[in-house]
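Asker: You'll find work33.cif just under this line, and it carries mmCIF, C-alpha atoms.
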```
data_entry
loop_
_atom_site.label_atom_id
_atom_site.label_comp_id
_atom_site.auth_asym_id
_atom_site.auth_seq_id
_atom_site.Cartn_x
_atom_site.Cartn_y
_atom_site.Cartn_z
CA MET A 29 50.19 121.35 85.55
CA SER A 30 48.05 124.48 85.19
CA ASP A 31 44.66 124.43 86.89
CA PRO A 32 41.55 124.59 84.67
CA ARG A 33 39.10 127.44 85.04
CA LEU A 34 36.34 127.00 87.62
CA SER A 35 33.65 127.62 84.99
CA GLU A 36 35.01 124.70 82.94
CA LEU A 37 34.99 122.43 85.99
CA ALA A 38 31.41 123.42 86.82
CA LEU A 39 30.21 122.77 83.26
CA ASP A 40 32.05 119.44 83.14
CA GLY A 41 30.69 118.17 86.44
CA LEU A 42 27.12 119.32 85.98
CA TRP A 43 26.66 118.66 82.27
CA LYS A 44 29.41 118.01 79.70
CA ASN A 45 31.21 115.26 81.64
CA ASN A 46 28.51 114.35 84.14
CA PRO A 47 29.56 111.20 86.05
CA ALA A 48 26.19 109.48 85.62
CA LEU A 49 25.03 110.67 82.19
CA VAL A 50 28.33 110.81 80.30
CA GLN A 51 30.98 108.80 82.17
CA VAL A 52 28.28 106.30 83.28
CA LEU A 53 30.06 105.62 86.56
CA GLY A 54 28.63 104.61 89.93
CA LEU A 55 25.66 102.79 88.41
CA CYS A 56 25.32 100.27 91.25
CA PRO A 57 24.08 102.74 93.91
CA LEU A 58 22.53 104.97 91.25
CA LEU A 59 20.16 102.23 90.10
CA ALA A 60 19.74 100.23 93.29
CA ILE A 61 18.85 102.86 95.87
CA SER A 62 17.09 105.51 93.77
CA ASN A 63 13.57 104.18 94.36
CA THR A 64 12.59 107.24 96.45
CA THR A 65 13.64 110.88 96.51
CA VAL A 66 14.79 110.75 100.13
CA ASN A 67 16.93 107.64 99.63
CA ALA A 68 18.49 109.19 96.54
CA LEU A 69 19.14 112.49 98.30
CA GLY A 70 20.73 110.77 101.29
CA LEU A 71 23.12 108.78 99.13
CA ALA A 72 23.80 111.85 96.95
CA ILE A 73 24.86 113.90 99.98
CA ALA A 74 27.07 111.08 101.29
CA THR A 75 28.75 110.71 97.88
CA LEU A 76 29.23 114.47 97.50
CA VAL A 77 30.87 114.78 100.93
CA THR A 78 33.13 111.82 100.13
CA LEU A 79 34.19 113.38 96.82
CA LEU A 80 34.78 116.75 98.43
CA VAL A 81 36.90 115.51 101.35
CA SER A 82 38.82 112.81 99.47
CA ASN A 83 39.72 115.19 96.64
CA GLY A 84 41.00 117.73 99.15
CA VAL A 85 43.06 115.22 101.14
CA VAL A 86 44.53 113.58 98.03
CA SER A 87 45.51 116.99 96.68
CA LEU A 88 47.28 117.85 99.95
CA ILE A 89 49.29 114.60 100.15
CA ARG A 90 49.97 114.11 96.42
CA ASP A 91 53.60 115.26 96.65
CA TRP A 92 54.38 112.94 99.59
CA VAL A 93 52.93 109.70 98.22
CA ARG A 94 55.15 107.50 96.05
CA ALA A 95 53.70 106.51 92.68
CA GLU A 96 54.00 102.80 93.53
CA VAL A 97 51.57 103.00 96.46
CA ARG A 98 49.36 105.92 95.47
CA LEU A 99 46.23 103.86 94.71
CA PRO A 100 46.20 101.94 98.02
CA VAL A 101 46.78 105.21 99.86
CA TYR A 102 43.93 106.91 98.00
CA VAL A 103 41.61 103.99 98.75
CA MET A 104 42.54 104.21 102.45
CA VAL A 105 41.73 107.93 102.44
CA ILE A 106 38.37 107.30 100.77
CA ALA A 107 37.57 104.39 103.12
CA SER A 108 38.35 106.58 106.15
CA VAL A 109 36.02 109.32 104.92
CA VAL A 110 33.23 106.85 104.16
CA THR A 111 33.60 105.23 107.60
CA ILE A 112 33.15 108.61 109.29
CA ILE A 113 30.07 109.30 107.13
CA GLU A 114 28.65 105.85 107.88
CA LEU A 115 29.07 106.25 111.65
CA THR A 116 27.57 109.75 111.52
CA MET A 117 24.54 108.54 109.59
CA ASN A 118 24.09 105.61 111.96
CA ALA A 119 24.10 107.99 114.91
CA HIS A 120 21.94 110.82 113.56
CA PHE A 121 19.94 109.37 110.65
CA HIS A 122 19.45 105.79 111.82
CA GLU A 123 16.29 105.00 109.82
CA LEU A 124 17.82 106.28 106.60
CA TYR A 125 21.04 104.45 107.45
CA ASN A 126 19.10 101.18 107.73
CA THR A 127 17.36 101.86 104.43
CA LEU A 128 20.54 102.61 102.50
CA GLY A 129 22.26 99.63 104.11
CA ILE A 130 25.29 98.23 102.30
CA PHE A 131 25.30 101.02 99.74
CA ILE A 132 26.90 103.47 102.19
CA PRO A 133 30.15 101.47 102.69
CA LEU A 134 30.06 100.61 98.98
CA ILE A 135 30.78 104.29 98.27
CA VAL A 136 34.42 103.27 98.80
CA THR A 137 34.30 101.25 95.59
CA ASN A 138 32.43 103.90 93.61
CA CYS A 139 34.45 104.48 90.43
CA ILE A 140 33.70 108.20 90.49
CA ILE A 141 35.57 108.71 93.77
CA ILE A 142 38.80 106.96 92.82
CA ALA A 143 38.67 108.36 89.27
CA ARG A 144 38.60 111.96 90.50
CA ALA A 145 41.26 111.27 93.13
CA GLU A 146 43.65 109.63 90.66
CA GLY A 147 42.75 111.57 87.52
CA PHE A 148 42.34 115.08 88.95
CA ALA A 149 43.10 115.70 92.63
CA SER A 150 46.52 114.03 92.43
CA ARG A 151 47.55 116.53 89.75
CA HIS A 152 46.02 119.82 90.88
CA GLY A 153 45.98 122.22 93.82
CA PHE A 154 43.81 122.03 96.92
CA GLY A 155 41.21 124.67 96.08
CA VAL A 156 40.53 123.57 92.52
CA SER A 157 40.42 119.91 93.63
CA LEU A 158 37.77 120.76 96.21
CA PHE A 159 35.75 122.57 93.56
CA ASP A 160 36.07 119.62 91.17
CA GLY A 161 34.81 117.26 93.88
CA LEU A 162 31.92 119.60 94.61
CA MET A 163 30.84 119.87 90.97
CA MET A 164 31.22 116.17 90.21
CA GLY A 165 29.34 115.31 93.39
CA MET A 166 26.56 117.75 92.54
CA GLY A 167 26.33 116.43 88.98
CA PHE A 168 26.03 112.83 90.21
CA GLY A 169 23.66 113.85 93.00
CA LEU A 170 21.31 115.77 90.72
CA VAL A 171 20.90 112.76 88.44
CA LEU A 172 20.39 110.52 91.47
CA VAL A 173 17.69 112.78 92.93
CA VAL A 174 15.88 113.31 89.61
CA LEU A 175 15.87 109.55 88.99
CA GLY A 176 14.66 108.93 92.53
CA ALA A 177 11.85 111.46 92.15
CA MET A 178 10.78 109.94 88.83
CA ARG A 179 10.68 106.40 90.23
CA GLU A 180 8.91 107.41 93.44
CA LEU A 181 6.31 109.44 91.55
CA ILE A 182 5.53 106.67 89.05
CA GLY A 183 5.93 103.73 91.45
CA PHE A 184 4.40 105.09 94.66
CA GLY A 185 2.54 108.17 93.42
CA THR A 186 4.28 110.31 96.07
CA LEU A 187 7.13 112.78 96.41
CA LEU A 188 9.40 113.25 99.45
CA ASP A 189 7.67 110.49 101.37
CA GLY A 190 9.69 109.76 104.53
CA ALA A 191 11.53 113.10 104.42
CA ASP A 192 11.70 113.06 108.22
CA GLN A 193 14.32 110.28 107.97
CA LEU A 194 16.73 112.87 106.56
CA PHE A 195 15.46 116.24 107.80
CA GLY A 196 14.01 115.28 111.17
CA PRO A 197 10.53 115.79 112.70
CA ILE A 198 10.14 119.16 110.97
CA ALA A 199 9.76 117.32 107.65
CA ILE A 200 7.19 114.77 108.76
CA ASP A 201 4.48 116.44 106.64
CA TRP A 202 6.64 117.20 103.59
CA GLY A 203 5.57 114.09 101.72
CA VAL A 204 2.79 114.64 99.20
CA ARG A 205 0.63 112.25 97.21
CA VAL A 206 0.58 113.29 93.56
CA LEU A 207 -1.02 110.24 91.93
CA PRO A 208 -3.69 107.92 93.35
CA GLU A 209 -2.52 104.43 94.22
CA GLN A 210 -4.42 102.84 91.34
CA MET A 211 -2.40 104.91 88.85
CA THR A 212 1.03 103.81 90.08
CA PHE A 213 3.28 101.53 88.04
CA LEU A 214 5.27 98.89 89.94
CA LEU A 215 7.86 98.51 87.16
CA ALA A 216 9.34 101.91 88.08
CA LEU A 217 10.46 100.53 91.46
CA MET A 218 12.13 97.45 90.01
CA PRO A 219 15.63 97.21 88.46
CA PRO A 220 14.29 97.42 84.88
CA GLY A 221 12.53 100.65 85.81
CA ALA A 222 15.80 102.10 87.08
CA PHE A 223 17.56 101.26 83.81
CA ILE A 224 14.71 102.70 81.76
CA GLY A 225 14.68 105.89 83.83
CA LEU A 226 18.42 106.39 83.49
CA GLY A 227 18.21 105.67 79.77
CA LEU A 228 15.55 108.36 79.39
CA LEU A 229 17.73 110.88 81.22
CA VAL A 230 20.74 110.05 79.04
CA ALA A 231 18.58 110.35 75.92
CA PHE A 232 17.21 113.70 77.14
CA LYS A 233 20.73 115.05 77.61
CA GLN A 234 21.82 113.79 74.20
CA ALA A 235 18.79 115.43 72.56
CA ILE A 236 19.62 118.78 74.17
CA ASP A 237 23.29 118.52 73.15
CA GLN A 238 22.40 117.64 69.56
CA ARG A 239 19.90 120.48 69.33
CA SER A 240 22.47 122.95 70.67
CA ALA A 241 25.04 121.67 68.17
CA ARG A 242 22.59 122.10 65.28
CA ARG A 243 21.79 125.64 66.37
CA ALA A 244 25.48 126.48 66.62
CA ARG A 245 26.12 125.11 63.12
CA ALA A 246 23.14 127.02 61.72
CA ALA A 247 24.26 130.26 63.36
CA LYS A 248 27.77 129.79 62.01
CA ALA A 249 26.45 129.12 58.47
CA ALA A 250 24.20 132.19 58.62
CA ARG A 251 27.07 134.56 59.40
CA PRO A 252 28.21 136.56 56.37
CA ALA A 253 31.56 135.46 55.04
CA GLU A 254 34.42 137.81 55.86
CA PRO A 255 35.77 139.59 52.78
CA ALA A 256 39.09 138.29 51.61
CA ALA A 257 42.02 140.53 52.42
CA GLU A 258 43.15 142.56 49.44
CA ALA A 259 46.47 141.53 48.03
CA VAL A 260 49.19 144.02 48.70
CA GLY A 261 50.68 145.21 45.35
#
```
What does the file become when written as structure tokens?

Answerer:
Amino acid sequence: MSDPRLSELALDGLWKNNPALVQVLGLCPLLAISNTTVNALGLAIATLVTLLVSNGVVSLIRDWVRAEVRLPVYVMVIASVVTIIELTMNAHFHELYNTLGIFIPLIVTNCIIIARAEGFASRHGFGVSLFDGLMMGMGFGLVLVVLGAMRELIGFGTLLDGADQLFGPIAIDWGVRVLPEQMTFLLALMPPGAFIGLGLLVAFKQAIDQRSARRARAAKAARPAEPAAEAVG
């Protein structure tokens, strides 16, 4: 199978086939842990690394794994990667690890990971599979971080509060208060707020896509028609 162009993979992962906004996969961690920017960023990085490494490993072993056992093997690869990430976070980012809790090991069951392993990495070369994992991970992570920033800003009135949990003591003063406490809205931190926020992001993407489509149709209609070729007598 021929490998797709890198530009197509980048556009798919970041926009056209974004895992969160188009495929609507991985909603459990996306909605549950995105109540702050730092939590969202931590889970986004963990998911991106998992996608990157699992795609690469699956691509390398795809010719040696029998079709009958490919899914259990892929799940074992993903589980191994997630275990390493979990132990690393527990050792070096313990406060953030405690905050994210069960949602770190639950990356194993994230539909995005197994979908890219089975649907893409098992059919393409190592380099392009790594790039696909990177773009899909970045696309998912960007939505996660934007949603986390929205909910933190509206619910707490802050941005990057607790950044030292991820970036260390250097980031202890990175958090800023944007809104006074009396202007915050608790609903943004609750599950309905997560669904509303994601719905707004999906609607925003759809509006942009529809506007681009209308412009393309208008530009095509405005082009002068090509003269018909003269019949050869």

Asker: Excluding same-chain residues fewer than 5 positions from Gln51 of chain A, what lies within 10 Å of it counting all atoms listed in the file, as a PyMOL selection string?

Answerer: chain A and resi 44-46+139-140

Asker: Evaluating the PyMOL selection byres ((chain A and resi 164) around 9) on the displayed file yields which residues, as a list in words?

Answerer: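 What the PyMOL selection byres ((chain A and resi 164) around 9) grabs from the file is Leu37, Ala38, Asp40, Gly41, Leu42, Asn45, Asn46, Pro47, Leu76, Leu79, Leu80, Ile140, Arg144, Phe159, Asp160, Gly161, Leu162, Met163, Gly165, Met166, Gly167, Phe168 and Gly169 of chain A.
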
Asker: For Gly84 of chain A, which residue among A:Val156, A:Ala250, A:Val101, A:Leu170 is the nearest when counting all atoms listed in the file?

Answerer: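 So, comparing all the options, the nearest one is A:Val156.
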
Asker: Evaluate the PyMOL selection byres ((chain A and resi 204) around 6) on the structure here and hand back the selected residues as a ChimeraX atom specification.

Answerer: /A:186-187,203,205

Asker: Atom CA of Leu181 of chain A and atom CA of Phe223 of chain A, how far apart in Å?

Answerer: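 Straight-line distance from atom CA of Phe223 of chain A to atom CA of Leu181 of chain A works out to 15.9 Å.
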
Asker: The PyMOL selection byres ((chain A and resi 216) around 10) - which residues does that actually catch in the file I just gave you? List them as a ChimeraX atom specification.

Answerer: /A:63,176,178-184,212-215,217-225

Asker: Could you check the closest approach to Ser82 of chain A for each of A:Phe195, A:Phe232, A:Phe154, A:Tyr125 and tell me which residue wins, using only C-alpha atoms?

Answerer: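 Checking each of A:Phe195, A:Phe232, A:Phe154, A:Tyr125 against Ser82 of chain A, counting only C-alpha atoms, the winner is A:Phe154.
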
Asker: Measuring between all atoms listed in the file, which one of A:Val110, A:Leu207, A:Val85, A:Ala145 shows the shortest distance to Gly185 of chain A?

Answerer: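 Looking at the shortest contact to Gly185 of chain A, the residue is A:Leu207.
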
Asker: For atom CA of Ile132 of chain A and atom CA of Pro57 of chain A, determine how far apart the two atoms are, in Å to one decimal place.

Answerer: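 Calculated distance between atom CA of Ile132 of chain A and atom CA of Pro57 of chain A is 8.8 Å.
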
Asker: Can you fill out segment 161-172 of chain A with all heavy atoms and hand it back as a PDB file, keeping the file's coordinate frame?

Answerer:
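The resulting selection-v5.pdb:
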```pdb
ATOM      1  N   GLY A 161      35.600 118.230  93.120  1.00  0.00           N
ATOM      2  CA  GLY A 161      34.810 117.260  93.880  1.00  0.00           C
ATOM      3  C   GLY A 161      33.391 117.735  94.117  1.00  0.00           C
ATOM      4  O   GLY A 161      32.442 116.955  94.034  1.00  0.00           O
ATOM      5  N   LEU A 162      33.248 119.042  94.394  1.00  0.00           N
ATOM      6  CA  LEU A 162      31.920 119.600  94.610  1.00  0.00           C
ATOM      7  C   LEU A 162      31.060 119.502  93.358  1.00  0.00           C
ATOM      8  O   LEU A 162      29.894 119.074  93.408  1.00  0.00           O
ATOM      9  CB  LEU A 162      32.041 121.065  95.053  1.00  0.00           C
ATOM     10  CG  LEU A 162      30.726 121.820  95.258  1.00  0.00           C
ATOM     11  CD1 LEU A 162      29.920 121.214  96.397  1.00  0.00           C
ATOM     12  CD2 LEU A 162      30.990 123.308  95.519  1.00  0.00           C
ATOM     13  N   MET A 163      31.621 119.871  92.210  1.00  0.00           N
ATOM     14  CA  MET A 163      30.840 119.870  90.970  1.00  0.00           C
ATOM     15  C   MET A 163      30.521 118.450  90.508  1.00  0.00           C
ATOM     16  O   MET A 163      29.401 118.170  90.065  1.00  0.00           O
ATOM     17  CB  MET A 163      31.618 120.608  89.876  1.00  0.00           C
ATOM     18  CG  MET A 163      31.719 122.108  90.092  1.00  0.00           C
ATOM     19  SD  MET A 163      30.099 122.937  90.124  1.00  0.00           S
ATOM     20  CE  MET A 163      29.883 123.236  91.868  1.00  0.00           C
ATOM     21  N   MET A 164      31.491 117.542  90.598  1.00  0.00           N
ATOM     22  CA  MET A 164      31.220 116.170  90.210  1.00  0.00           C
ATOM     23  C   MET A 164      30.194 115.525  91.149  1.00  0.00           C
ATOM     24  O   MET A 164      29.302 114.781  90.718  1.00  0.00           O
ATOM     25  CB  MET A 164      32.518 115.350  90.214  1.00  0.00           C
ATOM     26  CG  MET A 164      33.431 115.651  89.049  1.00  0.00           C
ATOM     27  SD  MET A 164      32.723 115.082  87.496  1.00  0.00           S
ATOM     28  CE  MET A 164      33.842 115.834  86.305  1.00  0.00           C
ATOM     29  N   GLY A 165      30.309 115.826  92.432  1.00  0.00           N
ATOM     30  CA  GLY A 165      29.340 115.310  93.390  1.00  0.00           C
ATOM     31  C   GLY A 165      27.945 115.862  93.153  1.00  0.00           C
ATOM     32  O   GLY A 165      26.950 115.139  93.245  1.00  0.00           O
ATOM     33  N   MET A 166      27.868 117.149  92.824  1.00  0.00           N
ATOM     34  CA  MET A 166      26.560 117.750  92.540  1.00  0.00           C
ATOM     35  C   MET A 166      25.970 117.184  91.252  1.00  0.00           C
ATOM     36  O   MET A 166      24.766 116.927  91.166  1.00  0.00           O
ATOM     37  CB  MET A 166      26.706 119.268  92.443  1.00  0.00           C
ATOM     38  CG  MET A 166      26.907 119.955  93.769  1.00  0.00           C
ATOM     39  SD  MET A 166      27.011 121.759  93.601  1.00  0.00           S
ATOM     40  CE  MET A 166      25.385 122.133  92.960  1.00  0.00           C
ATOM     41  N   GLY A 167      26.821 116.994  90.227  1.00  0.00           N
ATOM     42  CA  GLY A 167      26.330 116.430  88.980  1.00  0.00           C
ATOM     43  C   GLY A 167      25.769 115.026  89.179  1.00  0.00           C
ATOM     44  O   GLY A 167      24.679 114.693  88.682  1.00  0.00           O
ATOM     45  N   PHE A 168      26.506 114.187  89.922  1.00  0.00           N
ATOM     46  CA  PHE A 168      26.030 112.830  90.210  1.00  0.00           C
ATOM     47  C   PHE A 168      24.774 112.883  91.076  1.00  0.00           C
ATOM     48  O   PHE A 168      23.803 112.153  90.839  1.00  0.00           O
ATOM     49  CB  PHE A 168      27.137 112.052  90.922  1.00  0.00           C
ATOM     50  CG  PHE A 168      26.756 110.640  91.291  1.00  0.00           C
ATOM     51  CD1 PHE A 168      26.745 109.639  90.334  1.00  0.00           C
ATOM     52  CD2 PHE A 168      26.424 110.315  92.594  1.00  0.00           C
ATOM     53  CE1 PHE A 168      26.393 108.333  90.665  1.00  0.00           C
ATOM     54  CE2 PHE A 168      26.074 109.015  92.936  1.00  0.00           C
ATOM     55  CZ  PHE A 168      26.062 108.028  91.974  1.00  0.00           C
ATOM     56  N   GLY A 169      24.785 113.763  92.090  1.00  0.00           N
ATOM     57  CA  GLY A 169      23.660 113.850  93.000  1.00  0.00           C
ATOM     58  C   GLY A 169      22.379 114.322  92.333  1.00  0.00           C
ATOM     59  O   GLY A 169      21.289 113.827  92.642  1.00  0.00           O
ATOM     60  N   LEU A 170      22.496 115.277  91.412  1.00  0.00           N
ATOM     61  CA  LEU A 170      21.310 115.770  90.720  1.00  0.00           C
ATOM     62  C   LEU A 170      20.644 114.665  89.902  1.00  0.00           C
ATOM     63  O   LEU A 170      19.418 114.523  89.915  1.00  0.00           O
ATOM     64  CB  LEU A 170      21.692 116.942  89.812  1.00  0.00           C
ATOM     65  CG  LEU A 170      21.954 118.271  90.515  1.00  0.00           C
ATOM     66  CD1 LEU A 170      22.493 119.303  89.522  1.00  0.00           C
ATOM     67  CD2 LEU A 170      20.677 118.804  91.176  1.00  0.00           C
ATOM     68  N   VAL A 171      21.460 113.881  89.207  1.00  0.00           N
ATOM     69  CA  VAL A 171      20.900 112.760  88.440  1.00  0.00           C
ATOM     70  C   VAL A 171      20.258 111.754  89.376  1.00  0.00           C
ATOM     71  O   VAL A 171      19.162 111.231  89.113  1.00  0.00           O
ATOM     72  CB  VAL A 171      21.990 112.093  87.581  1.00  0.00           C
ATOM     73  CG1 VAL A 171      21.450 110.859  86.874  1.00  0.00           C
ATOM     74  CG2 VAL A 171      22.551 113.075  86.556  1.00  0.00           C
ATOM     75  N   LEU A 172      20.916 111.479  90.495  1.00  0.00           N
ATOM     76  CA  LEU A 172      20.390 110.520  91.470  1.00  0.00           C
ATOM     77  C   LEU A 172      19.036 110.978  92.013  1.00  0.00           C
ATOM     78  O   LEU A 172      18.082 110.197  92.090  1.00  0.00           O
ATOM     79  CB  LEU A 172      21.396 110.348  92.600  1.00  0.00           C
ATOM     80  CG  LEU A 172      21.196 109.205  93.600  1.00  0.00           C
ATOM     81  CD1 LEU A 172      21.175 107.866  92.893  1.00  0.00           C
ATOM     82  CD2 LEU A 172      22.309 109.232  94.642  1.00  0.00           C
TER      83      LEU A 172
END
```
